[in-house]
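Colleague: Before anything else, here's the structure in question.
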2 protein chains.
Amino acid sequence: MTHNQIVVLAGGVGAARFLQGVVQVAPPEEVTVISNVGDDEEIYGVHVSPDIDIVTYTLAGVVDEAKGFGLDGDTFAVVDGLVRFGADAWFRLGDRDFATCLYRTLQLRAGRPLSAVTAEVARAFGLSLRLLPVTDQRLATMVRTPAGPLAFQDYFVRRRTEDEVLGVEFAGADEARPAPGVLEAIARADAILIAPSNPFVSIGPILAVPGVREAIAAAKAPVVTVSPIVGGEAIKGPAAKMFRSLGGEASAAGVAAHYRGLVGTLVIDELDANQAGAVAAAGVRPVVADTIMRGPREKANLARVALEAAGLSAREWAAGEGGALEPARHEP
Amino acid sequence: MTHNQIVVLAGGVGAARFLQGVVQVAPPEEVTVISNVGDDEEIYGVHVSPDIDIVTYTLAGVVDEAKGFGLDGDTFAVVDGLVRFGADAWFRLGDRDFATCLYRTLQLRAGRPLSAVTAEVARAFGLSLRLLPVTDQRLATMVRTPAGPLAFQDYFVRRRTEDEVLGVEFAGADEARPAPGVLEAIARADAILIAPSNPFVSIGPILAVPGVREAIAAAKAPVVTVSPIVGGEAIKGPAAKMFRSLGGEASAAGVAAHYRGLVGTLVIDELDANQAGAVAAAGVRPVVADTIMRGPREKANLARVALEAAGLSAREWAAGEGGALEPARHEP
């Protein structure tokens with residue numbers, strides 16, 4: 001088999017780092033990323049797509065590694081300029097990052113769909129994988145809290161995930177349609193991976209687009225996810241808190257229960273090896289691996305574990321390209 | 001008389017430099033600037049008001065002196081970022097300048113009039129004079145050329161004023177109304193000055209707003225203008241070319257003929273002293289002075305000449321404030 005089709009459902013930082021591993025062990029041309037858009041928001045007059053841009057910048061090698069988002073070495077003249085006029089500039093969008101969002105906005109305003117602009121921006125950053133927003137329609141993740149419903153960026157950035165989460169809703173989801181290529185990629189995939197992203201607010205909005213969950217359930221490909229919960233905590237972000245407040249268990253077994261019926265295999269961390277039985281009891285096959293993505297080697301290993309769990313062998317597509325653990329060939 | 005009311009009709013760079021003189025010899029609180037908006041355009045999704053911003057930045061002491069517009073030391077990450085995506089970024093808008101335009105855009109979109117936003121931005125930059133757009137409506141200067149009608153920025157920036165000008169039109173002028181305060185300022189003015197700006201594309205749009213020309217003609221105040229043409233050429237910009245192609249004469253006398261019936265006094269340069277008779281023959285009183293605004297002293301002197309030509313004495317309002325030729329007290 002020369003050409004595999006690998007689909008990855010992706011949120012932000014965790015997904016981007018996982019994808020840095022995937023493109024080391026598989027040709028990026030064989031990878032389709034289906035990206036969460038529930039975090040998208042109009043800020044300072046421009047359409048911000050946090051997860052799409054995090055994936056793009058990370059794979060292009062230009063992300064601000066310390067923050068996990070934004071462009072390395074970016075400046076903040078626009079936001080600081082707005083502050084001069086008394087604007088409440090709680091969203092620190094860098095100037096070059098702003099340019100990305102502004103270009104997207106101008107193109108959307110000209111009538112182009114988000115999927116077309118996303119592909120164009122990804123190409124401009126040198127990516128050769130396929131990056132698809134899950135939908136071209138507006139789907140807004142809303143977080144229900146004791147302080148009332150909050151738009152995602154408000155909850156996540158402005159209020160630093162400090163509110164208790166009573167529920168998560170996806171405004172507009174009912175009217176959303178999968179973006180062109182999404183259902184096709186899922187149907188013909190050889191492996192469907194769910195990145196170690198927040199199940200509620202990163203993967204949840206993807207699965208909320210009518211037809212996507214059904215397409216994954218009907219797909220011929222094995223579905224493998226990597227637990228975003230390690231040792232009872234999220235590597236990053238509020239996933240563990242959400243598991244607790246939404247009635248689940250912040251554990252590998254809780255992740256398995258959450259994805260039960262959709263996911264065949266869950267890759268759990270070595271730290272959680274003692275939960276393998278509980279994961280299996282939830283009807284999901286456990287695979288134990290090192291899931292902490294410290295560097296390029298750990299990222300590649302985790303991607304290899306996930307792909308092998310889906311029945312693909314890294315050796316097949318890495319053959320003749322110098323071995324699977326070479327640095328990414330297509331994204332610098 | 002303690003409080004004079006001075007109205008200045010203003011275009012861009014020439015007007016801003018003239019105003020740097022005016023605020024040296026008169027308290028800025030007594031000055032109302034009526035600004036051209038015919039150059040305004042939506043660029044990169046933001047409302048650019050070139051003349052308003054040039055006046056604001058210049059009087060705030062933050063203009064890029066070498067260019068005459070934009071902010072000193074500004075960066076260009078947004079425009080350069082757009083270029084990455086193939087945008088035709090012929091308009092080099094700096095990042096902090098962009099922030100000004102973005103703030104304006106967001107406020108306009110929220111329903112505030114241009115005049116309110118302009119006043120707020122001027123205050124944020126520390127100005128204490130009153131800066132009024134001539135109208136809150138959209139009025140677009142269109143330049144007729146052999147290549148067809150061109151929007152002003154297209155003619156002026158993109159095509160570098162290289163097209164022959166067959167005519168100038170002001171789209172939207174018929175529906176435009178003077179902004180709040182414009183007619184009142186003119187009516188109660190003690191002096192009405194027309195800055196040494198392009199009569200066709202800087203002052204023309206101001207006079208094209210229905211009611212403005214009539215208000216000036218009916219005003220009690222003397223009307224004094226400073227010739228933008230010196231030695232048959234414009235200090236800056238395409239004014240001389242326009243005089244020639246539009247059937248006038250690129251000379252002090254040509255300026256007098258252009259403003260005949262509206263202007264009582266024309267300040268002409270010493271270089272053009274031999275045209276005093278021709279100016280007088282056009283029905284306009286000539287006053288000869290050094291009109292080349294090399295530095296703060298020359299700017300102040302020119303402003304003093306213009307105000308004295310309008311019957312005001314610099315001594316009156318400068319009394320007790322350290323002399324008329326002190327550096328500006330209110331704008332750094």
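By convention in this document, the chains of the structure tokens carry letters A, B, ... by their order, each chain's residues are numbered from 1, and ligands are numbered from 1 in the order they are shown.
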How would you write, as number ranges by chain, the set of residues in segment 107-180 of chain A that DSSP gives as strand (DSSP E or B)?
Modeller: A: 130-133, 135, 140-145, 148-151, 167-171, 178
Colleague: Can I get the selection written as a PDB file, in the first residue's frame, with N, CA and C atoms?
Modeller:
```
ATOM      1  N   ARG A 130      -3.338  18.547   4.190  1.00  0.00           N
ATOM      2  CA  ARG A 130      -4.618  19.173   3.883  1.00  0.00           C
ATOM      3  C   ARG A 130      -5.257  19.598   5.194  1.00  0.00           C
ATOM      4  N   LEU A 131      -5.559  20.862   5.299  1.00  0.00           N
ATOM      5  CA  LEU A 131      -6.124  21.407   6.536  1.00  0.00           C
ATOM      6  C   LEU A 131      -7.534  21.902   6.242  1.00  0.00           C
ATOM      7  N   LEU A 132      -8.522  21.219   6.845  1.00  0.00           N
ATOM      8  CA  LEU A 132      -9.926  21.535   6.581  1.00  0.00           C
ATOM      9  C   LEU A 132     -10.624  22.003   7.852  1.00  0.00           C
ATOM     10  N   PRO A 133     -11.269  23.143   7.819  1.00  0.00           N
ATOM     11  CA  PRO A 133     -12.175  23.445   8.935  1.00  0.00           C
ATOM     12  C   PRO A 133     -13.322  22.439   8.868  1.00  0.00           C
ATOM     13  N   THR A 135     -16.322  22.823   9.254  1.00  0.00           N
ATOM     14  CA  THR A 135     -17.480  23.396   8.559  1.00  0.00           C
ATOM     15  C   THR A 135     -17.141  24.799   8.072  1.00  0.00           C
ATOM     16  N   ALA A 140     -20.317  28.191  17.072  1.00  0.00           N
ATOM     17  CA  ALA A 140     -19.655  28.863  18.198  1.00  0.00           C
ATOM     18  C   ALA A 140     -19.803  28.050  19.470  1.00  0.00           C
ATOM     19  N   THR A 141     -18.677  27.656  20.019  1.00  0.00           N
ATOM     20  CA  THR A 141     -18.700  26.944  21.290  1.00  0.00           C
ATOM     21  C   THR A 141     -19.066  27.928  22.405  1.00  0.00           C
ATOM     22  N   MET A 142     -20.117  27.588  23.142  1.00  0.00           N
ATOM     23  CA  MET A 142     -20.564  28.420  24.255  1.00  0.00           C
ATOM     24  C   MET A 142     -20.419  27.596  25.533  1.00  0.00           C
ATOM     25  N   VAL A 143     -19.830  28.198  26.526  1.00  0.00           N
ATOM     26  CA  VAL A 143     -19.593  27.502  27.785  1.00  0.00           C
ATOM     27  C   VAL A 143     -20.596  28.015  28.818  1.00  0.00           C
ATOM     28  N   ARG A 144     -21.420  27.108  29.330  1.00  0.00           N
ATOM     29  CA  ARG A 144     -22.365  27.508  30.382  1.00  0.00           C
ATOM     30  C   ARG A 144     -21.634  27.503  31.715  1.00  0.00           C
ATOM     31  N   THR A 145     -21.755  28.605  32.437  1.00  0.00           N
ATOM     32  CA  THR A 145     -21.065  28.749  33.725  1.00  0.00           C
ATOM     33  C   THR A 145     -22.027  29.390  34.722  1.00  0.00           C
ATOM     34  N   GLY A 148     -23.202  32.645  33.745  1.00  0.00           N
ATOM     35  CA  GLY A 148     -23.960  32.753  32.501  1.00  0.00           C
ATOM     36  C   GLY A 148     -23.194  32.129  31.351  1.00  0.00           C
ATOM     37  N   PRO A 149     -23.802  32.114  30.170  1.00  0.00           N
ATOM     38  CA  PRO A 149     -23.124  31.518  29.018  1.00  0.00           C
ATOM     39  C   PRO A 149     -21.991  32.429  28.535  1.00  0.00           C
ATOM     40  N   LEU A 150     -20.859  31.827  28.239  1.00  0.00           N
ATOM     41  CA  LEU A 150     -19.697  32.599  27.801  1.00  0.00           C
ATOM     42  C   LEU A 150     -19.244  32.103  26.425  1.00  0.00           C
ATOM     43  N   ALA A 151     -18.950  33.053  25.541  1.00  0.00           N
ATOM     44  CA  ALA A 151     -18.292  32.667  24.286  1.00  0.00           C
ATOM     45  C   ALA A 151     -16.943  32.060  24.640  1.00  0.00           C
ATOM     46  N   GLY A 167     -21.839  23.230  31.363  1.00  0.00           N
ATOM     47  CA  GLY A 167     -22.242  22.591  30.117  1.00  0.00           C
ATOM     48  C   GLY A 167     -21.551  23.261  28.949  1.00  0.00           C
ATOM     49  N   VAL A 168     -21.561  22.593  27.828  1.00  0.00           N
ATOM     50  CA  VAL A 168     -20.952  23.147  26.620  1.00  0.00           C
ATOM     51  C   VAL A 168     -21.975  23.027  25.506  1.00  0.00           C
ATOM     52  N   GLU A 169     -22.177  24.105  24.782  1.00  0.00           N
ATOM     53  CA  GLU A 169     -23.121  24.068  23.661  1.00  0.00           C
ATOM     54  C   GLU A 169     -22.460  24.626  22.415  1.00  0.00           C
ATOM     55  N   PHE A 170     -23.009  24.243  21.284  1.00  0.00           N
ATOM     56  CA  PHE A 170     -22.406  24.659  20.022  1.00  0.00           C
ATOM     57  C   PHE A 170     -23.445  25.424  19.215  1.00  0.00           C
ATOM     58  N   ALA A 171     -23.412  26.737  19.370  1.00  0.00           N
ATOM     59  CA  ALA A 171     -24.406  27.563  18.682  1.00  0.00           C
ATOM     60  C   ALA A 171     -24.181  27.478  17.175  1.00  0.00           C
ATOM     61  N   PRO A 178     -20.883  19.830   6.991  1.00  0.00           N
ATOM     62  CA  PRO A 178     -19.450  19.534   6.876  1.00  0.00           C
ATOM     63  C   PRO A 178     -18.851  20.284   5.682  1.00  0.00           C
TER      64      PRO A 178
END
```
Colleague: Could you please tell me, as number ranges by chain, which residues of chain B have an atom within 6 Å of chain A when using only C-alpha atoms?
Modeller: B: 77-78, 81-82, 95-96, 99
Colleague: I'd like the superposed copy of chain B - fitted to chain A by least squares over all paired Cα atoms - as a compact mmCIF listing (two decimals) with C-alpha atoms, in the first residue's frame.
Modeller:
```
# COMPACT_ATOMS: atom_id res chain seq x y z
CA MET B 1 -0.13 0.01 -0.13
CA THR B 2 1.65 3.16 -1.13
CA HIS B 3 -0.84 5.85 -0.33
CA ASN B 4 -2.58 5.80 2.98
CA GLN B 5 -5.17 8.32 3.88
CA ILE B 6 -4.87 9.53 7.43
CA VAL B 7 -7.51 11.76 8.97
CA VAL B 8 -6.77 13.62 12.19
CA LEU B 9 -9.45 15.43 14.17
CA ALA B 10 -7.66 18.35 15.74
CA GLY B 11 -8.01 21.08 18.31
CA GLY B 12 -5.20 23.50 19.10
CA VAL B 13 -1.86 23.14 20.84
CA GLY B 14 -1.99 19.42 21.73
CA ALA B 15 -3.18 18.54 18.25
CA ALA B 16 -0.54 20.68 16.58
CA ARG B 17 2.23 18.96 18.52
CA PHE B 18 0.75 15.55 17.75
CA LEU B 19 0.64 16.50 14.07
CA GLN B 20 4.32 17.42 14.24
CA GLY B 21 4.80 13.74 15.02
CA VAL B 22 2.44 12.52 12.32
CA VAL B 23 4.25 14.40 9.55
CA GLN B 24 7.49 12.77 10.65
CA VAL B 25 6.19 9.25 10.15
CA ALA B 26 3.80 9.79 7.25
CA PRO B 27 4.01 11.93 4.13
CA PRO B 28 2.06 15.11 4.82
CA GLU B 29 0.32 14.71 1.46
CA GLU B 30 -1.48 11.71 2.95
CA VAL B 31 -2.73 13.60 5.98
CA THR B 32 -6.04 15.44 6.23
CA VAL B 33 -6.60 17.52 9.34
CA ILE B 34 -10.19 18.29 10.29
CA SER B 35 -10.00 21.34 12.49
CA ASN B 36 -12.22 22.66 15.22
CA VAL B 37 -13.78 26.04 14.47
CA GLY B 38 -15.84 26.39 17.65
CA ASP B 39 -13.22 28.78 19.08
CA ASP B 40 -13.47 31.10 16.08
CA GLU B 41 -14.50 34.60 16.90
CA GLU B 42 -14.53 38.08 15.44
CA ILE B 43 -12.03 40.07 17.49
CA TYR B 44 -10.94 43.63 16.61
CA GLY B 45 -12.95 43.25 13.44
CA VAL B 46 -11.11 40.21 12.14
CA HIS B 47 -12.06 36.55 12.01
CA VAL B 48 -9.77 34.73 14.42
CA SER B 49 -9.50 30.95 13.89
CA PRO B 50 -7.29 29.95 16.82
CA ASP B 51 -7.09 26.21 16.21
CA ILE B 52 -6.55 26.44 12.47
CA ASP B 53 -3.80 29.00 12.95
CA ILE B 54 -2.10 27.09 15.76
CA VAL B 55 -1.89 24.01 13.54
CA THR B 56 -0.68 26.08 10.57
CA TYR B 57 1.95 28.01 12.49
CA THR B 58 3.17 24.96 14.40
CA LEU B 59 3.61 22.79 11.32
CA ALA B 60 5.24 25.70 9.48
CA GLY B 61 7.77 25.94 12.28
CA VAL B 62 6.92 29.56 13.00
CA VAL B 63 4.78 29.21 16.12
CA ASP B 64 5.72 30.89 19.38
CA GLU B 65 6.82 27.66 21.07
CA ALA B 66 6.69 29.07 24.59
CA LYS B 67 3.05 30.10 24.29
CA GLY B 68 1.99 27.36 21.88
CA PHE B 69 0.10 29.85 19.72
CA GLY B 70 0.85 33.00 17.76
CA LEU B 71 3.91 33.68 15.65
CA ASP B 72 7.40 33.54 17.01
CA GLY B 73 8.86 37.03 17.39
CA ASP B 74 5.60 38.72 16.50
CA THR B 75 5.05 42.35 17.51
CA PHE B 76 1.96 43.90 19.09
CA ALA B 77 1.69 47.38 17.62
CA VAL B 78 -1.93 46.98 16.52
CA VAL B 79 -3.22 45.76 19.88
CA ASP B 80 -1.14 48.30 21.77
CA GLY B 81 -2.40 50.97 19.39
CA LEU B 82 -6.00 50.03 20.19
CA VAL B 83 -5.24 50.25 23.91
CA ARG B 84 -4.30 53.90 23.39
CA PHE B 85 -7.94 54.56 22.54
CA GLY B 86 -9.20 52.72 25.60
CA ALA B 87 -10.01 49.47 23.85
CA ASP B 88 -10.15 46.48 26.16
CA ALA B 89 -7.43 44.53 24.41
CA TRP B 90 -7.60 41.32 26.43
CA PHE B 91 -6.90 39.24 23.32
CA ARG B 92 -3.21 39.72 22.56
CA LEU B 93 -3.19 39.19 18.82
CA GLY B 94 0.25 39.81 17.30
CA ASP B 95 0.68 41.98 14.22
CA ARG B 96 1.62 39.24 11.75
CA ASP B 97 -1.00 36.98 13.30
CA PHE B 98 -3.43 39.85 12.79
CA ALA B 99 -2.44 39.94 9.12
CA THR B 100 -3.41 36.27 8.78
CA CYS B 101 -6.78 36.95 10.38
CA LEU B 102 -7.28 40.11 8.34
CA TYR B 103 -6.56 38.29 5.09
CA ARG B 104 -9.05 35.60 6.12
CA THR B 105 -11.62 38.26 6.94
CA LEU B 106 -11.23 40.13 3.66
CA GLN B 107 -11.54 36.87 1.72
CA LEU B 108 -14.59 35.73 3.70
CA ARG B 109 -16.14 39.15 3.13
CA ALA B 110 -15.50 38.70 -0.59
CA GLY B 111 -17.62 35.56 -0.40
CA ARG B 112 -15.01 32.81 -0.28
CA PRO B 113 -15.66 29.91 2.10
CA LEU B 114 -13.48 29.40 5.17
CA SER B 115 -12.22 26.10 3.79
CA ALA B 116 -10.82 27.74 0.65
CA VAL B 117 -9.11 30.51 2.62
CA THR B 118 -7.74 28.00 5.15
CA ALA B 119 -6.19 25.94 2.37
CA GLU B 120 -4.69 29.03 0.79
CA VAL B 121 -3.19 30.26 4.06
CA ALA B 122 -1.78 26.81 4.81
CA ARG B 123 -0.13 26.75 1.38
CA ALA B 124 1.26 30.24 1.90
CA PHE B 125 2.92 28.93 5.07
CA GLY B 126 4.41 26.01 3.13
CA LEU B 127 2.21 23.22 4.45
CA SER B 128 1.59 20.25 2.19
CA LEU B 129 -0.94 18.43 4.35
CA ARG B 130 -4.62 19.17 3.87
CA LEU B 131 -6.14 21.40 6.52
CA LEU B 132 -9.93 21.53 6.57
CA PRO B 133 -12.18 23.43 8.91
CA VAL B 134 -14.88 20.98 9.93
CA THR B 135 -17.48 23.39 8.54
CA ASP B 136 -17.69 26.58 6.51
CA GLN B 137 -20.62 27.72 8.61
CA ARG B 138 -20.36 29.58 11.87
CA LEU B 139 -20.36 27.21 14.83
CA ALA B 140 -19.67 28.86 18.19
CA THR B 141 -18.70 26.94 21.28
CA MET B 142 -20.57 28.40 24.24
CA VAL B 143 -19.59 27.49 27.77
CA ARG B 144 -22.36 27.50 30.38
CA THR B 145 -21.06 28.75 33.71
CA PRO B 146 -22.51 30.08 36.97
CA ALA B 147 -21.78 33.54 35.53
CA GLY B 148 -23.95 32.77 32.50
CA PRO B 149 -23.12 31.52 29.02
CA LEU B 150 -19.70 32.59 27.80
CA ALA B 151 -18.28 32.66 24.29
CA PHE B 152 -15.32 30.36 24.19
CA GLN B 153 -12.56 32.97 23.95
CA ASP B 154 -14.19 34.89 26.77
CA TYR B 155 -14.12 31.76 28.97
CA PHE B 156 -10.71 30.58 27.78
CA VAL B 157 -8.62 33.72 27.35
CA ARG B 158 -10.28 36.60 29.12
CA ARG B 159 -11.45 34.65 32.19
CA ARG B 160 -8.61 32.11 32.08
CA THR B 161 -10.88 29.04 32.37
CA GLU B 162 -11.59 29.98 35.97
CA ASP B 163 -15.38 29.56 35.74
CA GLU B 164 -16.97 26.27 36.62
CA VAL B 165 -18.27 24.64 33.46
CA LEU B 166 -21.88 23.54 33.73
CA GLY B 167 -22.24 22.59 30.11
CA VAL B 168 -20.96 23.14 26.62
CA GLU B 169 -23.13 24.07 23.65
CA PHE B 170 -22.42 24.65 20.00
CA ALA B 171 -24.43 27.56 18.66
CA GLY B 172 -25.16 27.12 14.99
CA ALA B 173 -24.23 23.44 14.93
CA ASP B 174 -27.67 22.34 13.77
CA GLU B 175 -27.39 24.45 10.63
CA ALA B 176 -23.73 23.66 10.00
CA ARG B 177 -22.76 21.36 7.15
CA PRO B 178 -19.45 19.52 6.86
CA ALA B 179 -17.01 21.53 4.76
CA PRO B 180 -16.27 20.19 1.27
CA GLY B 181 -14.00 17.17 1.60
CA VAL B 182 -14.66 16.39 5.25
CA LEU B 183 -17.06 13.47 4.81
CA GLU B 184 -15.12 12.18 1.80
CA ALA B 185 -11.84 12.18 3.74
CA ILE B 186 -13.43 10.29 6.61
CA ALA B 187 -15.05 7.75 4.28
CA ARG B 188 -11.88 6.89 2.43
CA ALA B 189 -9.52 7.13 5.42
CA ASP B 190 -7.26 4.22 6.32
CA ALA B 191 -6.83 5.60 9.81
CA ILE B 192 -8.85 8.12 11.77
CA LEU B 193 -6.92 9.65 14.63
CA ILE B 194 -8.33 11.92 17.30
CA ALA B 195 -5.55 14.15 18.57
CA PRO B 196 -4.97 14.56 22.31
CA SER B 197 -7.26 17.59 22.38
CA ASN B 198 -10.00 18.58 24.80
CA PRO B 199 -12.89 16.15 24.12
CA PHE B 200 -15.53 18.73 25.09
CA VAL B 201 -14.46 21.98 23.47
CA SER B 202 -11.99 20.90 20.79
CA ILE B 203 -13.25 17.56 19.47
CA GLY B 204 -16.85 18.10 20.62
CA PRO B 205 -17.55 20.88 18.11
CA ILE B 206 -16.18 18.74 15.27
CA LEU B 207 -18.49 15.87 16.20
CA ALA B 208 -21.39 18.30 16.61
CA VAL B 209 -21.52 19.08 12.91
CA PRO B 210 -24.38 16.95 11.61
CA GLY B 211 -23.04 13.99 9.64
CA VAL B 212 -19.49 13.95 10.99
CA ARG B 213 -20.02 11.59 13.91
CA GLU B 214 -22.14 9.34 11.72
CA ALA B 215 -19.46 9.32 9.01
CA ILE B 216 -16.80 8.32 11.52
CA ALA B 217 -19.02 5.58 12.91
CA ALA B 218 -19.65 4.30 9.39
CA ALA B 219 -16.03 4.61 8.23
CA LYS B 220 -14.00 1.55 7.35
CA ALA B 221 -10.94 2.94 9.12
CA PRO B 222 -10.06 2.15 12.72
CA VAL B 223 -10.53 5.12 15.03
CA VAL B 224 -7.71 5.76 17.48
CA THR B 225 -7.48 8.53 20.00
CA VAL B 226 -4.74 9.66 22.34
CA SER B 227 -5.82 10.47 25.87
CA PRO B 228 -5.49 14.18 26.69
CA ILE B 229 -5.69 13.19 30.37
CA VAL B 230 -2.51 11.89 32.01
CA GLY B 231 -2.34 11.08 35.71
CA GLY B 232 -5.76 12.60 36.23
CA GLU B 233 -4.78 15.97 34.79
CA ALA B 234 -4.79 17.60 31.38
CA ILE B 235 -1.38 18.29 29.85
CA LYS B 236 -2.74 21.73 29.05
CA GLY B 237 -6.06 23.48 29.42
CA PRO B 238 -9.28 22.80 31.28
CA ALA B 239 -10.08 19.24 30.10
CA ALA B 240 -9.66 17.63 33.54
CA LYS B 241 -11.82 20.27 35.23
CA MET B 242 -14.45 19.76 32.56
CA PHE B 243 -14.48 16.00 33.04
CA ARG B 244 -15.07 16.56 36.74
CA SER B 245 -17.72 19.25 36.47
CA LEU B 246 -19.60 17.62 33.61
CA GLY B 247 -20.05 14.36 35.51
CA GLY B 248 -17.28 12.27 34.05
CA GLU B 249 -14.00 11.07 35.46
CA ALA B 250 -10.74 12.90 34.75
CA SER B 251 -8.84 9.77 33.86
CA ALA B 252 -7.90 7.60 30.92
CA ALA B 253 -10.94 5.49 31.73
CA GLY B 254 -13.07 8.64 31.71
CA VAL B 255 -11.78 9.48 28.25
CA ALA B 256 -12.63 5.95 27.11
CA ALA B 257 -16.13 6.27 28.51
CA HIS B 258 -16.54 9.64 26.80
CA TYR B 259 -15.61 8.27 23.38
CA ARG B 260 -17.28 4.87 23.81
CA GLY B 261 -18.98 3.71 20.65
CA LEU B 262 -16.91 6.02 18.45
CA VAL B 263 -13.33 5.06 19.23
CA GLY B 264 -11.82 1.59 18.92
CA THR B 265 -8.47 2.23 20.54
CA LEU B 266 -7.30 4.69 23.20
CA VAL B 267 -3.61 5.38 23.60
CA ILE B 268 -3.00 6.02 27.29
CA ASP B 269 0.13 7.15 29.04
CA GLU B 270 2.52 4.78 30.80
CA LEU B 271 1.63 6.65 33.97
CA ASP B 272 -1.92 5.37 33.55
CA ALA B 273 -1.01 1.79 32.66
CA ASN B 274 -2.96 0.60 35.68
CA GLN B 275 -6.13 1.90 34.00
CA ALA B 276 -5.82 -0.36 30.99
CA GLY B 277 -8.38 -2.73 32.50
CA ALA B 278 -10.87 0.05 33.15
CA VAL B 279 -10.42 1.35 29.60
CA ALA B 280 -11.03 -2.15 28.23
CA ALA B 281 -14.07 -2.48 30.49
CA ALA B 282 -15.44 0.69 28.86
CA GLY B 283 -15.31 -1.17 25.56
CA VAL B 284 -12.19 0.55 24.20
CA ARG B 285 -8.92 -1.21 23.46
CA PRO B 286 -6.10 0.35 25.50
CA VAL B 287 -2.61 0.85 24.14
CA VAL B 288 0.01 2.05 26.61
CA ALA B 289 2.74 4.43 25.43
CA ASP B 290 4.70 7.51 26.38
CA THR B 291 2.24 10.24 25.43
CA ILE B 292 4.18 13.23 26.77
CA MET B 293 5.39 15.06 23.66
CA ARG B 294 8.60 16.54 24.97
CA GLY B 295 10.43 16.81 21.65
CA PRO B 296 10.41 15.71 18.02
CA ARG B 297 11.36 12.11 18.85
CA GLU B 298 8.57 11.66 21.39
CA LYS B 299 6.07 13.26 19.00
CA ALA B 300 7.08 10.90 16.20
CA ASN B 301 6.92 7.90 18.50
CA LEU B 302 3.45 8.80 19.69
CA ALA B 303 2.24 9.26 16.12
CA ARG B 304 3.75 5.90 15.18
CA VAL B 305 2.01 4.21 18.09
CA ALA B 306 -1.32 5.75 17.09
CA LEU B 307 -0.94 4.78 13.43
CA GLU B 308 0.16 1.26 14.29
CA ALA B 309 -2.82 0.98 16.61
CA ALA B 310 -4.90 1.80 13.55
CA GLY B 311 -3.29 -1.07 11.70
CA LEU B 312 -0.89 0.96 9.60
CA SER B 313 2.82 0.38 9.77
CA ALA B 314 5.12 3.36 9.82
CA ARG B 315 7.63 1.34 7.83
CA GLU B 316 5.31 1.17 4.85
CA TRP B 317 5.08 4.86 4.09
CA ALA B 318 8.45 5.81 5.45
CA ALA B 319 10.22 3.25 3.24
CA GLY B 320 12.80 4.86 1.01
CA GLU B 321 12.47 8.23 2.71
CA GLY B 322 15.28 7.81 5.20
CA GLY B 323 13.47 6.26 8.09
CA ALA B 324 10.45 7.25 10.06
CA LEU B 325 12.15 9.37 12.67
CA GLU B 326 13.79 11.84 10.35
CA PRO B 327 12.81 15.46 10.86
CA ALA B 328 9.73 16.51 8.98
CA ARG B 329 10.52 16.71 5.31
CA HIS B 330 7.80 19.05 4.18
CA GLU B 331 7.24 21.44 7.04
CA PRO B 332 10.37 23.16 8.30
```
